[in-house]
Protein chains: 2
Amino acid sequence: MPLLPSWVASANRPDTPFPLNNLPYGVFSTADSPPRCGVAIGDMILDLAAADAAGMIGLGEGLFDQPRWNGVMALGPDAWHSLRRLLTALLAEDAEDRAILEPCLVPMADARLHLPFTISEFTDFYASRHHATNVGTMFRGAENALPPNWPHMPIGYNGRASTVVVSGTEVIRPRGQLMPPGATAPAFGASRKLDYELELGAVVGTGSSMGQGVTVDQADAMIFGYVLLNDWSARDIQAWEYQPLGPFQAKAFATTISPWIVTAAALAPFRCPTPPRAVPLLPHLADTGPALFDITLCASLTPENGTTETICETNFAEMYWSPAQMLAHHSSSGCAMTPGDLLGSGAVSGAEPHQRGCLLERTWNGAEPLAFRDGTRRSFLHDGDTITLTGAAHGDGYGIGFGECSGRIRPARETP
Amino acid sequence: MPLLPSWVASANRPDTPFPLNNLPYGVFSTADSPPRCGVAIGDMILDLAAADAAGMIGLGEGLFDQPRWNGVMALGPDAWHSLRRLLTALLAEDAEDRAILEPCLVPMADARLHLPFTISEFTDFYASRHHATNVGTMFRGAENALPPNWPHMPIGYNGRASTVVVSGTEVIRPRGQLMPPGATAPAFGASRKLDYELELGAVVGTGSSMGQGVTVDQADAMIFGYVLLNDWSARDIQAWEYQPLGPFQAKAFATTISPWIVTAAALAPFRCPTPPRAVPLLPHLADTGPALFDITLCASLTPENGTTETICETNFAEMYWSPAQMLAHHSSSGCAMTPGDLLGSGAVSGAEPHQRGCLLERTWNGAEPLAFRDGTRRSFLHDGDTITLTGAAHGDGYGIGFGECSGRIRPARETP
């Protein structure tokens with residue numbers, strides 16, 4: 001599909017992440033107005049509350065003057081598709097109602113971006129084979145790298161929704177119990193192995209009933225869109241706490257997402273197949289069509305007063321399990337899914353070292369520190385470091401982006 | 001403390017779980033009225049929306065005509081204590097306003113009870129030493145029964161809030177991936193090792209900020225009250241899925257709680273100390289006073305058309321970690337806690353076999369089935385079985401209860 005031209009001139013530039021083909025959903029405020037729903041177009045935001053008040057939307061009362069997209073999500077796929085068709089028509093080059101909509105545009109530079117939806121619950125998966133193999137090799141040896149269940153189901157754990165924050169929110173270095181090698185008792189203190197994970201998050205738009213599972217195809221249709229997701233991780237806290245019940249405080253202190261939800265519809269042209277299967281999949285998780293997305297994903301690290309360095313370049317097409325398979329598995333026991341559930345993919349690692357989506361893998365648990373051009377070395381994150389994730393699907397003469405997903409590390413608090 | 005006499009006669013009977021000393025909070029509806037907040041007193045419910053409309057409460061507009069207690073929780077401990085003092089005075093034998101309140105009483109027999117609060121997030125701990133030792137012995141041998149981290153912190157995992165249901169809700173037997181001993185590949189089907197866990201749940205009333213931890217004393221003051229909690233568990237799904245990231249679908253299909261939240265204030269006379277410590281505790285988790293509760297807890301099993309049999313009799317005083325310690329640990333990384341967070345204790349097992357709080361322990365993973373008086377045998381739960389949890393704190397001539405926490409098993413669904 002080629003670039004769809006818009007009457008918003010900046011949306012037609014080849015380098016914008018927000019052409020008319022994208023139309024990602026976010027929540028923004030300005031000096032004059034409280035947080036409300038908007039859609040990114042070029043370097044502008046279309047204020048949907050204002051456009052609705054001007055009679056241009058009509059999807060339902062009061063959907064857009066709220067600081068969350070959950071209301072629209074709950075309307076279901078038919079409404080999502082109607083809204084997207086409508087916005088595509090209203091912002092197209094040849095649109096008739098340009099004069100009505102123009103006053104509803106807000107320069108992105110004047111807006112503050114907020115969490116785009118209320119996260120009901122957050123689940124984090126472990127769905128990249130390269131990531132799971134690398135981490136498993138480090139901690140259990142190459143022979144036992146992949147747990148026996150791994151090829152049969154998307155392994156995941158319930159995360160913490162209360163600390164999912166929008167890009168730009170500073171992250172306080174967590175404290176926790178640390179048991180360094182050779183120690184005989186744990187100490188409580190600031191994490192020394194603070195890491196990031198480069199992930200994509202699937203935003204569940206429609207729910208499922210308790211007691212019911214959903215098929216992979218049903219799951220695919222339930223996904224409203226995708227965000228970039230940084231699953232900040234304290235590897236030393238994790239190493240000591242995670243047996244036998246999994247990660248807990250090591251990942252509870254912060255998870256950062258991009259301000260824009262790129263819809264599943266916008267990503268449809270970029271679908272690609274899951275990889276060949278190591279074992280036959282059980283019927284309820286079987287592949288039913290191309291369910292991954294060709295999205296290049298990058299992570300960069302900027303030391304305080306330092307130079308930004310790219311530390312990972314990978315692609316969501318590298319995943320083993322698709323978001324639809326994750327969601328189908330999530331519901332398989334009869335677990336009710338709800339609008340606003342957020343499913344992280346786990347670190348999106350590829351086969352090559354520069355494709356490894358976290359520092360644990362990239363530096364092999366600190367054994368091989370990264371050496372930057374300016375002489376900086378990094379095994380894990382320092383105070384003042386900023387991690388920025390970006391992602392793009394590349395069309396014919398246009399790109400689709402999520403906006404930055406970034407967070408800067410602040411020193412650990414003193415007490416308690 | 002002796003029984004506090006009430007003008008509601010049934011609240012003065014020695015066998016009521018709801019004397020004036022208790023005043024637990026729930027949500028109820030009747031044939032005529034939608035769900036709203038109430039307090040149990042004897043065999044009646046005081047309709048707090050009605051009492052408020054009659055001018056008798058005055059804690060804030062519209063707090064009680066909602067189907068959840070979260071609004072009251074968010075007001076904080078001073079408001080909780082004011083409300084309890086007020087209700088104690090209004091329902092006391094010598095109360096002056098009896099004539100105004102009497103029309104606000106609804107017979108419990110005419111009411112349907114609902115989930116008493118909206119669960120923000122659900123966390124389940126593993127805080128009984130007897131339970132953790134028994135389970136660890138079964139799966140890792142007596143030498144490695146307790147993981148090395150266990151004596152140093154309350155081990156827990158994030159559970160699933162969307163499937164927390166109120167007592168009386170039927171539970172559909174979950175399906176999932178099963179890998180029986182000797183099998184070479186997993187199959188997808190109905191769990192054959194469906195279990196319950198007898199737990200107490202702490203209801204977090206006030207939250208904490210992201211980036212901040214709370215002390216054990218602060219945590220104690222944040223807890224609004226307690227519910228009985230049945231952490232339904234599919235042991236065969238759990239055994240196959242739980243490495244390396246912990247329980248997921250094995251515990252996601254249902255968690256049942258009692259309809260009544262017994263307040264921390266009502267349980268204050270029953271505080272008792274935590275046990276002697278196996279290792280010194282780190283300062284942020286150190287004991288600061290009696291933080292457990294002397295609450296007898298029972299589980300019974302009723303086969304379909306069968307006779308009810310008590311299968312566990314234990315006491316919350318048997319726990320190793322207190323709810324305040326669980327909550328302090330939960331916040332220790334900087335994880336924000338929110339009103340409506342629910343913290344399960346994990347199975348409350350004691351040292352004796354009849355004190356074991358789940359069938360996995362009680363039948364030693366099915367090796368020693370329970371034999372009932374009527375000839376029924378049980379290793380794990382059958383379709384049609386009902387598990388009922390009860391709990392009571394025993395005062396001087398009165399008892400404090402939670403109401404029943406029960407659920408009946410329905411057969412697994414067919415598809416998908």
# chains A, B, ... in the order shown; residues from 1 in each chain; ligands from 1
>>> interface_residues(of="chain A", to="chain B", cutoff="8 Å", atoms="only C-alpha atoms", output="VMD selection string")
chain A and resid 121 147 149 152 155 to 163 171 to 172 174 to 176 186 to 188 210 to 215 240 to 250 252 to 254 282 284 330 to 338 413 415 to 416
>>> select_by_dssp(residues="segment 254-326 of chain B", states="strand (DSSP E)", output="list of chain:residue names")
B:Thr255, B:Thr256, B:Ile257, B:Val262, B:Thr263, B:Arg271, B:Cys272, B:Leu292, B:Phe293, B:Thr296, B:Leu297, B:Cys298, B:Ala299, B:Ser300, B:Leu301, B:Thr302, B:Glu309, B:Thr310, B:Ile311, B:Cys312, B:Glu313, B:Thr314, B:Asn315
>>> atom_distance(atom1="atom CA of Gly403 of chain B", atom2="atom CA of Gly38 of chain B")
13.8 Å
>>> select_by_dssp(residues="segment 102-205 of chain B", states="alpha helix (DSSP H)", output="list in words")
Arg129, His130, His131, Ala132, Thr133, Asn134, Val135, Gly136, Thr137, Met138, Phe139 and Arg140 of chain B
>>> calpha_fit_and_write(fixed="chain A", moving="chain B", output="compact mmCIF listing (two decimals) with C-alpha atoms, in the first residue's frame")
# COMPACT_ATOMS: atom_id res chain seq x y z
CA MET B 1 -0.01 -0.01 0.01
CA PRO B 2 1.39 3.44 -0.89
CA LEU B 3 1.33 6.58 1.25
CA LEU B 4 -2.20 7.92 1.68
CA PRO B 5 -1.95 11.67 1.21
CA SER B 6 -3.51 13.96 3.84
CA TRP B 7 -4.42 17.65 3.88
CA VAL B 8 -2.24 17.85 6.99
CA ALA B 9 0.98 18.60 5.10
CA SER B 10 3.39 17.23 7.72
CA ALA B 11 1.71 13.83 7.45
CA ASN B 12 2.96 13.50 3.87
CA ARG B 13 6.65 13.85 4.67
CA PRO B 14 8.48 10.58 4.07
CA ASP B 15 10.11 10.69 7.52
CA THR B 16 7.00 11.22 9.65
CA PRO B 17 6.02 8.27 11.87
CA PHE B 18 2.42 9.45 11.66
CA PRO B 19 1.18 9.44 8.04
CA LEU B 20 -2.50 9.00 7.28
CA ASN B 21 -1.81 5.25 7.01
CA ASN B 22 -1.03 5.16 10.74
CA LEU B 23 -3.56 7.16 12.82
CA PRO B 24 -2.40 5.98 16.24
CA TYR B 25 -4.44 6.75 19.32
CA GLY B 26 -3.23 8.61 22.38
CA VAL B 27 -4.25 10.86 25.24
CA PHE B 28 -2.93 14.42 25.40
CA SER B 29 -3.35 17.64 27.31
CA THR B 30 -2.37 21.22 26.62
CA ALA B 31 -1.86 24.27 28.80
CA ASP B 32 -5.57 25.03 28.28
CA SER B 33 -7.21 21.61 28.34
CA PRO B 34 -7.26 18.49 30.47
CA PRO B 35 -6.24 15.06 29.11
CA ARG B 36 -8.47 13.73 26.32
CA CYS B 37 -8.29 11.41 23.32
CA GLY B 38 -6.45 12.35 20.17
CA VAL B 39 -5.02 10.83 17.03
CA ALA B 40 -1.56 11.66 15.70
CA ILE B 41 -1.32 12.98 12.15
CA GLY B 42 2.06 14.30 10.99
CA ASP B 43 3.30 16.73 13.63
CA MET B 44 -0.25 17.48 14.79
CA ILE B 45 -2.79 15.84 17.04
CA LEU B 46 -6.44 15.81 16.04
CA ASP B 47 -8.39 16.57 19.22
CA LEU B 48 -11.15 13.98 19.01
CA ALA B 49 -13.16 15.52 21.85
CA ALA B 50 -13.24 18.77 19.87
CA ALA B 51 -13.96 16.99 16.58
CA ASP B 52 -16.77 15.08 18.26
CA ALA B 53 -18.19 18.29 19.75
CA ALA B 54 -18.10 19.71 16.20
CA GLY B 55 -20.33 16.84 15.12
CA MET B 56 -17.71 15.05 13.06
CA ILE B 57 -17.43 11.68 14.87
CA GLY B 58 -20.71 10.53 16.44
CA LEU B 59 -19.52 7.19 17.77
CA GLY B 60 -21.13 7.70 21.17
CA GLU B 61 -21.53 10.29 23.88
CA GLY B 62 -18.49 11.35 25.91
CA LEU B 63 -16.07 8.77 24.53
CA PHE B 64 -13.25 11.16 23.70
CA ASP B 65 -13.24 13.73 26.50
CA GLN B 66 -11.96 11.05 28.83
CA PRO B 67 -8.26 10.46 29.52
CA ARG B 68 -8.36 6.88 28.25
CA TRP B 69 -9.25 4.85 25.16
CA ASN B 70 -10.92 2.05 27.14
CA GLY B 71 -14.39 3.35 26.27
CA VAL B 72 -13.75 3.05 22.54
CA MET B 73 -12.08 -0.34 23.01
CA ALA B 74 -15.12 -1.72 24.78
CA LEU B 75 -17.29 -0.91 21.73
CA GLY B 76 -15.61 -3.72 19.83
CA PRO B 77 -14.03 -4.26 16.40
CA ASP B 78 -16.90 -2.97 14.28
CA ALA B 79 -16.73 0.38 16.03
CA TRP B 80 -12.93 0.43 15.81
CA HIS B 81 -13.10 -0.10 12.07
CA SER B 82 -15.82 2.53 11.65
CA LEU B 83 -13.75 5.08 13.55
CA ARG B 84 -10.64 4.32 11.52
CA ARG B 85 -12.52 4.56 8.21
CA LEU B 86 -14.07 7.85 9.32
CA LEU B 87 -10.75 9.37 10.43
CA THR B 88 -9.07 8.21 7.23
CA ALA B 89 -11.76 9.97 5.20
CA LEU B 90 -11.78 13.13 7.33
CA LEU B 91 -8.01 13.59 7.11
CA ALA B 92 -7.58 12.54 3.46
CA GLU B 93 -6.23 15.07 1.00
CA ASP B 94 -9.59 15.44 -0.72
CA ALA B 95 -11.70 15.63 2.47
CA GLU B 96 -14.60 18.06 2.33
CA ASP B 97 -14.76 18.98 6.00
CA ARG B 98 -11.23 20.26 6.37
CA ALA B 99 -12.46 23.70 7.47
CA ILE B 100 -14.35 22.16 10.39
CA LEU B 101 -11.47 19.93 11.46
CA GLU B 102 -8.61 22.37 11.11
CA PRO B 103 -9.45 24.16 14.39
CA CYS B 104 -9.36 20.74 16.12
CA LEU B 105 -5.67 20.24 15.32
CA VAL B 106 -3.15 20.81 18.11
CA PRO B 107 0.59 20.99 17.39
CA MET B 108 2.23 17.97 18.98
CA ALA B 109 4.93 20.29 20.27
CA ASP B 110 2.34 22.03 22.48
CA ALA B 111 0.89 18.81 23.90
CA ARG B 112 1.80 16.66 26.84
CA LEU B 113 1.19 12.96 26.25
CA HIS B 114 -0.36 10.71 28.91
CA LEU B 115 -0.93 7.01 29.40
CA PRO B 116 -3.24 6.21 26.47
CA PHE B 117 -5.43 3.73 28.32
CA THR B 118 -6.14 2.42 31.79
CA ILE B 119 -4.30 -0.86 32.13
CA SER B 120 -6.66 -3.47 33.56
CA GLU B 121 -3.98 -6.06 34.13
CA PHE B 122 -0.50 -6.51 32.75
CA THR B 123 0.89 -9.84 31.62
CA ASP B 124 4.42 -10.30 30.36
CA PHE B 125 5.44 -13.16 28.10
CA TYR B 126 8.76 -14.74 27.23
CA ALA B 127 7.94 -15.39 23.62
CA SER B 128 11.22 -14.82 21.76
CA ARG B 129 13.11 -18.05 21.25
CA HIS B 130 16.42 -16.23 20.96
CA HIS B 131 15.82 -14.36 24.23
CA ALA B 132 14.70 -17.46 26.12
CA THR B 133 17.61 -19.47 24.74
CA ASN B 134 20.19 -16.84 25.67
CA VAL B 135 18.83 -16.32 29.18
CA GLY B 136 18.45 -20.07 29.71
CA THR B 137 21.99 -20.73 28.52
CA MET B 138 23.35 -18.15 30.95
CA PHE B 139 21.57 -19.57 33.98
CA ARG B 140 21.00 -23.25 33.23
CA GLY B 141 23.61 -24.07 30.59
CA ALA B 142 23.24 -24.66 26.85
CA GLU B 143 21.90 -28.19 27.38
CA ASN B 144 18.94 -26.98 29.45
CA ALA B 145 18.51 -23.53 27.91
CA LEU B 146 14.89 -23.86 26.80
CA PRO B 147 12.54 -25.31 29.43
CA PRO B 148 10.67 -28.37 28.07
CA ASN B 149 7.34 -26.51 28.10
CA TRP B 150 8.67 -23.56 26.10
CA PRO B 151 8.08 -24.85 22.53
CA HIS B 152 4.54 -25.96 23.49
CA MET B 153 3.06 -22.76 24.92
CA PRO B 154 3.81 -19.06 25.26
CA ILE B 155 5.27 -18.90 28.77
CA GLY B 156 4.17 -15.81 30.66
CA TYR B 157 3.58 -14.40 34.12
CA ASN B 158 1.23 -11.84 35.55
CA GLY B 159 2.93 -8.47 35.96
CA ARG B 160 1.96 -5.36 37.84
CA ALA B 161 -0.42 -2.85 36.21
CA SER B 162 -0.12 -0.10 38.83
CA THR B 163 3.36 0.89 37.69
CA VAL B 164 2.82 0.95 33.92
CA VAL B 165 3.75 4.50 32.97
CA VAL B 166 3.92 6.55 29.81
CA SER B 167 7.12 7.44 28.00
CA GLY B 168 9.01 10.28 29.67
CA THR B 169 8.22 9.21 33.22
CA GLU B 170 11.41 8.96 35.24
CA VAL B 171 12.21 5.57 36.73
CA ILE B 172 13.58 5.38 40.26
CA ARG B 173 16.23 2.69 40.63
CA PRO B 174 14.54 -0.04 42.66
CA ARG B 175 15.73 -1.38 45.97
CA GLY B 176 15.33 -4.96 47.00
CA GLN B 177 16.93 -8.03 48.47
CA LEU B 178 20.26 -8.84 46.85
CA MET B 179 22.26 -12.02 47.33
CA PRO B 180 25.58 -11.55 45.54
CA PRO B 181 27.65 -14.64 44.72
CA GLY B 182 29.50 -15.76 47.83
CA ALA B 183 27.25 -13.91 50.28
CA THR B 184 25.74 -15.98 53.10
CA ALA B 185 22.71 -13.76 53.71
CA PRO B 186 20.88 -11.23 51.56
CA ALA B 187 21.21 -7.47 52.00
CA PHE B 188 18.61 -4.84 51.17
CA GLY B 189 19.77 -2.13 48.84
CA ALA B 190 19.67 -0.50 45.43
CA SER B 191 19.79 -2.82 42.43
CA ARG B 192 23.20 -2.94 40.77
CA LYS B 193 21.94 -4.83 37.72
CA LEU B 194 19.23 -2.57 36.40
CA ASP B 195 18.20 -3.57 32.90
CA TYR B 196 15.63 -2.77 30.23
CA GLU B 197 13.73 -5.11 27.91
CA LEU B 198 12.70 -4.06 24.42
CA GLU B 199 9.18 -5.42 23.90
CA LEU B 200 6.00 -4.88 21.98
CA GLY B 201 2.78 -4.77 24.02
CA ALA B 202 -0.58 -5.94 22.68
CA VAL B 203 -3.57 -3.96 23.95
CA VAL B 204 -6.62 -6.17 24.45
CA GLY B 205 -9.68 -4.27 23.25
CA THR B 206 -12.55 -6.66 23.85
CA GLY B 207 -12.81 -9.11 26.67
CA SER B 208 -13.76 -12.74 27.04
CA SER B 209 -16.00 -14.45 29.57
CA MET B 210 -14.77 -16.32 32.62
CA GLY B 211 -14.82 -20.02 31.90
CA GLN B 212 -14.42 -19.54 28.14
CA GLY B 213 -11.27 -19.82 26.10
CA VAL B 214 -10.83 -18.06 22.80
CA THR B 215 -9.35 -19.39 19.57
CA VAL B 216 -6.25 -17.88 18.01
CA ASP B 217 -8.42 -16.19 15.39
CA GLN B 218 -10.81 -14.81 17.99
CA ALA B 219 -7.83 -13.59 20.00
CA ASP B 220 -6.39 -11.85 16.98
CA ALA B 221 -9.66 -9.97 16.48
CA MET B 222 -9.72 -8.93 20.18
CA ILE B 223 -6.45 -6.98 19.92
CA PHE B 224 -7.06 -3.25 19.59
CA GLY B 225 -3.48 -2.27 18.90
CA TYR B 226 0.14 -2.29 19.94
CA VAL B 227 2.52 -0.15 21.99
CA LEU B 228 6.25 -0.18 22.52
CA LEU B 229 6.99 -1.51 25.98
CA ASN B 230 10.07 -1.37 28.20
CA ASP B 231 9.92 -4.04 30.89
CA TRP B 232 12.48 -2.54 33.29
CA SER B 233 14.11 -5.37 35.22
CA ALA B 234 16.40 -5.59 38.25
CA ARG B 235 18.40 -8.71 37.44
CA ASP B 236 19.96 -9.08 40.89
CA ILE B 237 16.60 -8.83 42.67
CA GLN B 238 15.18 -11.25 40.10
CA ALA B 239 17.95 -13.85 40.53
CA TRP B 240 17.33 -14.07 44.28
CA GLU B 241 13.53 -13.93 44.32
CA TYR B 242 12.29 -15.77 41.24
CA GLN B 243 12.31 -19.37 42.46
CA PRO B 244 9.81 -20.94 42.72
CA LEU B 245 7.00 -18.51 41.84
CA GLY B 246 8.53 -16.25 39.20
CA PRO B 247 9.51 -12.57 38.89
CA PHE B 248 7.84 -10.27 41.40
CA GLN B 249 9.52 -7.14 42.78
CA ALA B 250 12.28 -7.37 40.15
CA LYS B 251 9.80 -6.15 37.56
CA ALA B 252 7.16 -4.41 39.68
CA PHE B 253 8.72 -0.96 40.01
CA ALA B 254 8.12 0.33 36.46
CA THR B 255 7.04 -0.61 32.94
CA THR B 256 7.13 2.14 30.31
CA ILE B 257 4.93 2.21 27.22
CA SER B 258 4.81 4.46 24.18
CA PRO B 259 2.24 7.27 24.20
CA TRP B 260 0.62 6.06 20.99
CA ILE B 261 -1.35 2.86 20.40
CA VAL B 262 -0.78 1.80 16.81
CA THR B 263 -3.93 -0.04 15.78
CA ALA B 264 -3.93 -3.60 14.57
CA ALA B 265 -5.60 -2.27 11.41
CA ALA B 266 -2.69 0.07 10.68
CA LEU B 267 -0.27 -2.82 11.03
CA ALA B 268 -2.28 -5.22 8.84
CA PRO B 269 -0.12 -4.58 5.73
CA PHE B 270 2.95 -5.66 7.70
CA ARG B 271 1.81 -9.08 8.82
CA CYS B 272 4.29 -11.88 8.43
CA PRO B 273 4.37 -15.56 9.37
CA THR B 274 5.58 -17.15 12.57
CA PRO B 275 8.74 -19.25 12.18
CA PRO B 276 8.94 -22.99 11.51
CA ARG B 277 7.87 -24.91 14.60
CA ALA B 278 10.26 -26.95 16.72
CA VAL B 279 7.38 -29.24 17.73
CA PRO B 280 3.82 -29.58 16.38
CA LEU B 281 1.53 -27.12 18.17
CA LEU B 282 -1.57 -28.27 20.00
CA PRO B 283 -4.74 -27.39 18.07
CA HIS B 284 -5.79 -24.50 20.34
CA LEU B 285 -2.51 -22.71 19.62
CA ALA B 286 -1.98 -23.73 15.99
CA ASP B 287 -0.93 -21.10 13.47
CA THR B 288 -3.83 -19.87 11.36
CA GLY B 289 -2.13 -17.28 9.17
CA PRO B 290 0.49 -14.54 9.30
CA ALA B 291 0.30 -13.31 12.90
CA LEU B 292 3.58 -11.50 13.50
CA PHE B 293 4.48 -8.05 12.17
CA ASP B 294 7.50 -6.77 10.30
CA ILE B 295 8.33 -3.94 12.71
CA THR B 296 11.93 -2.85 13.18
CA LEU B 297 12.62 -2.14 16.83
CA CYS B 298 15.55 -0.19 18.24
CA ALA B 299 16.84 0.63 21.68
CA SER B 300 19.28 3.41 22.43
CA LEU B 301 21.09 4.42 25.59
CA THR B 302 21.98 8.03 26.40
CA PRO B 303 24.27 8.49 29.39
CA GLU B 304 23.73 11.68 31.39
CA ASN B 305 25.45 14.45 29.37
CA GLY B 306 26.61 11.73 26.98
CA THR B 307 26.09 10.66 23.41
CA THR B 308 23.18 8.48 22.35
CA GLU B 309 24.25 5.01 21.28
CA THR B 310 22.09 2.37 19.60
CA ILE B 311 22.31 -0.79 21.68
CA CYS B 312 19.80 -3.04 19.92
CA GLU B 313 18.29 -3.32 16.45
CA THR B 314 15.80 -6.12 16.07
CA ASN B 315 12.45 -6.94 14.48
CA PHE B 316 9.13 -8.19 15.83
CA ALA B 317 9.18 -10.77 13.00
CA GLU B 318 11.87 -12.58 15.05
CA MET B 319 9.29 -13.75 17.63
CA TYR B 320 8.34 -17.38 18.06
CA TRP B 321 4.85 -16.86 19.50
CA SER B 322 2.40 -14.32 18.07
CA PRO B 323 0.34 -11.94 20.22
CA ALA B 324 -2.78 -13.85 19.17
CA GLN B 325 -1.25 -17.09 20.45
CA MET B 326 -0.28 -15.40 23.71
CA LEU B 327 -3.85 -14.19 24.18
CA ALA B 328 -5.37 -17.56 23.24
CA HIS B 329 -3.12 -19.27 25.76
CA HIS B 330 -3.93 -16.62 28.38
CA SER B 331 -7.65 -17.42 28.13
CA SER B 332 -7.19 -21.17 27.77
CA SER B 333 -7.95 -22.07 31.39
CA GLY B 334 -11.08 -19.95 31.38
CA CYS B 335 -9.31 -16.78 32.53
CA ALA B 336 -11.51 -13.80 31.70
CA MET B 337 -9.77 -11.16 29.60
CA THR B 338 -10.85 -7.54 29.90
CA PRO B 339 -10.61 -4.38 27.78
CA GLY B 340 -7.35 -2.70 28.70
CA ASP B 341 -5.36 -5.85 29.41
CA LEU B 342 -1.78 -5.33 28.27
CA LEU B 343 0.29 -8.29 27.06
CA GLY B 344 4.03 -7.73 26.78
CA SER B 345 5.89 -9.94 24.33
CA GLY B 346 9.05 -10.36 26.37
CA ALA B 347 12.35 -9.10 25.00
CA VAL B 348 12.33 -9.20 21.18
CA SER B 349 15.73 -10.70 20.48
CA GLY B 350 17.12 -11.93 17.19
CA ALA B 351 19.89 -14.39 16.43
CA GLU B 352 22.69 -11.82 16.22
CA PRO B 353 24.31 -10.10 19.23
CA HIS B 354 23.17 -6.63 18.12
CA GLN B 355 19.60 -7.97 18.00
CA ARG B 356 19.53 -8.88 21.69
CA GLY B 357 16.75 -6.92 23.40
CA CYS B 358 18.17 -6.44 26.90
CA LEU B 359 21.52 -5.78 28.55
CA LEU B 360 21.50 -9.12 30.37
CA GLU B 361 21.79 -10.82 26.96
CA ARG B 362 23.76 -8.10 25.22
CA THR B 363 26.52 -8.06 27.84
CA TRP B 364 26.11 -11.72 28.81
CA ASN B 365 25.18 -10.82 32.39
CA GLY B 366 27.86 -8.17 32.55
CA ALA B 367 30.73 -10.37 31.35
CA GLU B 368 31.02 -8.47 28.04
CA PRO B 369 30.30 -4.80 28.72
CA LEU B 370 29.24 -2.61 25.81
CA ALA B 371 31.92 -0.15 24.72
CA PHE B 372 30.54 3.08 23.26
CA ARG B 373 32.29 5.34 20.77
CA ASP B 374 32.92 7.98 23.43
CA GLY B 375 34.64 5.47 25.70
CA THR B 376 31.62 4.83 27.95
CA ARG B 377 31.18 1.22 29.03
CA ARG B 378 27.96 -0.34 30.23
CA SER B 379 27.09 -3.71 31.73
CA PHE B 380 23.87 -2.49 33.30
CA LEU B 381 22.18 0.90 33.62
CA HIS B 382 23.71 3.80 35.53
CA ASP B 383 21.79 6.59 37.23
CA GLY B 384 21.10 9.30 34.67
CA ASP B 385 20.99 6.87 31.74
CA THR B 386 18.03 7.20 29.39
CA ILE B 387 16.74 4.23 27.42
CA THR B 388 14.70 5.08 24.35
CA LEU B 389 12.80 2.50 22.31
CA THR B 390 11.54 3.20 18.82
CA GLY B 391 9.70 1.06 16.33
CA ALA B 392 8.68 1.40 12.70
CA ALA B 393 6.87 -0.58 10.05
CA HIS B 394 8.15 0.40 6.63
CA GLY B 395 5.63 0.79 3.83
CA ASP B 396 6.03 1.90 0.26
CA GLY B 397 7.28 5.46 0.74
CA TYR B 398 6.10 5.84 4.31
CA GLY B 399 6.75 4.53 7.80
CA ILE B 400 4.51 3.83 10.76
CA GLY B 401 5.79 4.64 14.25
CA PHE B 402 4.76 4.58 17.89
CA GLY B 403 6.51 7.70 19.14
CA GLU B 404 9.37 7.31 21.56
CA CYS B 405 9.19 5.04 24.56
CA SER B 406 11.79 6.49 26.87
CA GLY B 407 12.68 6.62 30.53
CA ARG B 408 15.56 8.07 32.51
CA ILE B 409 16.97 6.38 35.61
CA ARG B 410 16.90 8.37 38.85
CA PRO B 411 18.97 7.33 41.88
CA ALA B 412 17.42 4.95 44.38
CA ARG B 413 15.53 6.54 47.26
CA GLU B 414 17.05 6.41 50.71
CA THR B 415 14.25 4.98 52.89
CA PRO B 416 12.54 2.82 53.83
